[in-house]
Amino acid sequence: MAEVPNKVPKKVLPGKIALVAGATRGAGRGIAIALGEAGATVYCTGRSSRERTRGRPATPGRPETIEETAELVTAAGGRGIAVRVDHTEPAEVKKLVAGIKRRHKGLDILVNDVWGGDALTEFGKTFWTLNLDNGLRMLKQAIHSHIITSHYAVPLLLGRSRGIIFEITDGDAFYYRGNLFYDLVKISVIRLAFAMARELRKRDIVSVALTPGFLRSEAVLEHFGVSEVNWKEAGKKVPPGREGRVVHDAGADFMVSESPRYVGRAVVALAADPKVKKKSGRVFSSWALAREYGFTDLDGSRPDWGSYARKKYGKYKICDERFYSYWVPGLVELIFPDWF
């Protein structure tokens with residue numbers, strides 16, 4: 001993990017309107033704040049709201065709210081706007097988008113980060129022994145919600161200069177991810193980015209998928225008993241209840257983790273790149289984009305989870321030029337070249 005001088009991000013997105021669907025915590029919050037650093041107006045949406053929890057948070061055990069995220073966006077230099085939305089409900093998303101259109105006439109950046117599947121995922125269990133209700137719920141929360149949001153929001157990007165859609169995933173490859181439903185979610189959103197890119201290829205809108213590395217989300221920090229300020233202390237102790245169990249090595253793997261702001265700055269770098277069109281339809285990682293664009297994490301470092309993981313666990317094939325060559329052109333596009 002190379003140490004480099006920390007740079008104050010420039011306001012490269014002034015006047016841009018962004019929607020971060022699933023901005024309450026984790027990558028979504030980091031992305032929203034990074035967009036604020038860049039000077040954007042950011043709609044921060046999700047179900048966890050101060051006004052609606054009534055002592056019962058939408059995500060049990062988690063205190064974060066969309067209002068907190070919006071305040072952090074504003075403090076970072078942008079304008080944060082919190083709107084409570086359940087993105088699995090088409091009527092709620094339609095109302096949200098109508099409000100954005102009324103106030104701003106359009107949208108420049110759409111980030112689909114709705115997830116909420118951590119508590120539903122049973123890693124290492126065979127698909128016929130999984131909790132089926134939880135698995136189907138995961139598909140609704142993390143795939144259906146993305147489709148619903150794009151359906152209503154993307155028309156606001158039409159006619160804007162360099163509109164861009166982000167599908168937040170886990171991993172920059174097509175390997176199996178340890179749980180049938182989790183695997184479907186993370187692969188499906190990569191495919192969503194590709195499919196939308198094919199239909200938008202003749203328009204000035206880009207669609208990409210993006211993965212963080214080992215993410216220091218609020219829940220992960222809590223799991224290791226540290227904060228963002230002293231997270232490196234986790235390398236010196238075993239998380240409570242994890243003694244004698246095989247988990248991510250806190251003394252090694254966790255030391256290559258990244259804050260949610262890192263993937264947020266990857267979003268900003270792509271959104272500000274005038275040549276980003278050539279990247280449309282593909283999946284990218286925070287660490288590779290950091291090398292390409294030169295941004296850093298909060299502490300001035302450039303974590304590289306991909307390089308670290310390949311050295312420690314073995315090489316795996318990422319989505320590269322040869323991989324994408326199997327996707328385009330497709331038979332349907334050859335038969336019906338004028339569909340889109």
# chains A, B, ... in the order shown; residues from 1 in each chain; ligands from 1
call {"tool": "residues_around", "arguments": {"residues": "Ala18 of chain A", "least_positions_apart": "3", "cutoff": "6 Å", "atoms": "only C-alpha atoms", "output": "PyMOL selection string"}}
result
chain A and resi 42+108-110
call {"tool": "write_last_selection", "arguments": {"atoms": "C-alpha atoms", "output": "compact mmCIF listing (two decimals), in the first residue's frame"}}
result
# COMPACT_ATOMS: atom_id res chain seq x y z
CA VAL A 42 -26.40 15.12 -4.04
CA ASP A 108 -26.21 14.17 -14.30
CA ILE A 109 -25.08 11.27 -12.11
CA LEU A 110 -27.00 8.20 -10.96
call {"tool": "select_by_dssp", "arguments": {"residues": "segment 159-307 of chain A", "states": "strand (DSSP E or B)", "output": "mmCIF file with N, CA and C atoms, in the first residue's frame"}}
result
data_model
loop_
_atom_site.group_PDB
_atom_site.id
_atom_site.type_symbol
_atom_site.label_atom_id
_atom_site.label_comp_id
_atom_site.auth_asym_id
_atom_site.auth_seq_id
_atom_site.Cartn_x
_atom_site.Cartn_y
_atom_site.Cartn_z
ATOM 1 N N GLY A 163 -23.893 12.452 -19.066
ATOM 2 C CA GLY A 163 -24.544 11.774 -17.963
ATOM 3 C C GLY A 163 -23.861 10.445 -17.705
ATOM 4 N N ILE A 164 -23.927 9.966 -16.460
ATOM 5 C CA ILE A 164 -23.257 8.708 -16.139
ATOM 6 C C ILE A 164 -24.026 7.938 -15.067
ATOM 7 N N ILE A 165 -24.086 6.613 -15.240
ATOM 8 C CA ILE A 165 -24.751 5.695 -14.313
ATOM 9 C C ILE A 165 -23.692 4.782 -13.706
ATOM 10 N N PHE A 166 -23.773 4.586 -12.389
ATOM 11 C CA PHE A 166 -22.875 3.672 -11.699
ATOM 12 C C PHE A 166 -23.671 2.551 -11.051
ATOM 13 N N GLU A 167 -23.240 1.319 -11.299
ATOM 14 C CA GLU A 167 -23.775 0.160 -10.603
ATOM 15 C C GLU A 167 -22.693 -0.316 -9.639
ATOM 16 N N ILE A 168 -22.944 -0.225 -8.330
ATOM 17 C CA ILE A 168 -21.935 -0.616 -7.348
ATOM 18 C C ILE A 168 -22.048 -2.110 -7.069
ATOM 19 N N ILE A 205 -24.579 9.204 -22.652
ATOM 20 C CA ILE A 205 -24.723 8.677 -21.299
ATOM 21 C C ILE A 205 -23.854 7.422 -21.173
ATOM 22 N N VAL A 206 -23.090 7.363 -20.107
ATOM 23 C CA VAL A 206 -22.191 6.240 -19.844
ATOM 24 C C VAL A 206 -22.767 5.386 -18.719
ATOM 25 N N SER A 207 -22.550 4.096 -18.799
ATOM 26 C CA SER A 207 -23.005 3.177 -17.751
ATOM 27 C C SER A 207 -21.856 2.249 -17.392
ATOM 28 N N VAL A 208 -21.447 2.252 -16.115
ATOM 29 C CA VAL A 208 -20.345 1.400 -15.679
ATOM 30 C C VAL A 208 -20.686 0.731 -14.350
ATOM 31 N N ALA A 209 -19.991 -0.354 -14.061
ATOM 32 C CA ALA A 209 -20.057 -0.991 -12.747
ATOM 33 C C ALA A 209 -18.753 -0.680 -12.024
ATOM 34 N N LEU A 210 -18.818 -0.613 -10.702
ATOM 35 C CA LEU A 210 -17.655 -0.214 -9.921
ATOM 36 C C LEU A 210 -17.622 -0.990 -8.611
ATOM 37 N N THR A 211 -16.447 -1.508 -8.263
ATOM 38 C CA THR A 211 -16.285 -2.244 -7.004
ATOM 39 C C THR A 211 -15.258 -1.586 -6.099
ATOM 40 N N LEU A 215 -13.705 -3.059 2.195
ATOM 41 C CA LEU A 215 -14.286 -1.778 2.581
ATOM 42 C C LEU A 215 -14.404 -1.624 4.093
ATOM 43 N N GLU A 258 -9.877 -0.156 2.633
ATOM 44 C CA GLU A 258 -10.045 1.222 2.170
ATOM 45 C C GLU A 258 -11.284 1.841 2.785
ATOM 46 N N VAL A 283 -16.728 -3.070 -15.972
ATOM 47 C CA VAL A 283 -16.620 -3.014 -14.520
ATOM 48 C C VAL A 283 -15.201 -2.582 -14.143
ATOM 49 N N PHE A 284 -15.115 -1.710 -13.147
ATOM 50 C CA PHE A 284 -13.834 -1.160 -12.712
ATOM 51 C C PHE A 284 -13.690 -1.294 -11.207
ATOM 52 N N SER A 285 -12.439 -1.172 -10.746
ATOM 53 C CA SER A 285 -12.161 -1.256 -9.319
ATOM 54 C C SER A 285 -11.616 0.073 -8.821
ATOM 55 N N SER A 301 -3.106 7.436 1.241
ATOM 56 C CA SER A 301 -2.593 6.175 0.694
ATOM 57 C C SER A 301 -3.401 5.754 -0.531
ATOM 58 N N ARG A 302 -2.885 4.745 -1.224
ATOM 59 C CA ARG A 302 -3.604 4.156 -2.364
ATOM 60 C C ARG A 302 -3.691 2.651 -2.147
#
call {"tool": "closest_residue", "arguments": {"among": "A:Thr45, A:Gln141, A:Thr169, A:Thr296", "to": "Ala27 of chain A", "atoms": "only C-alpha atoms"}}
result
A:Thr169
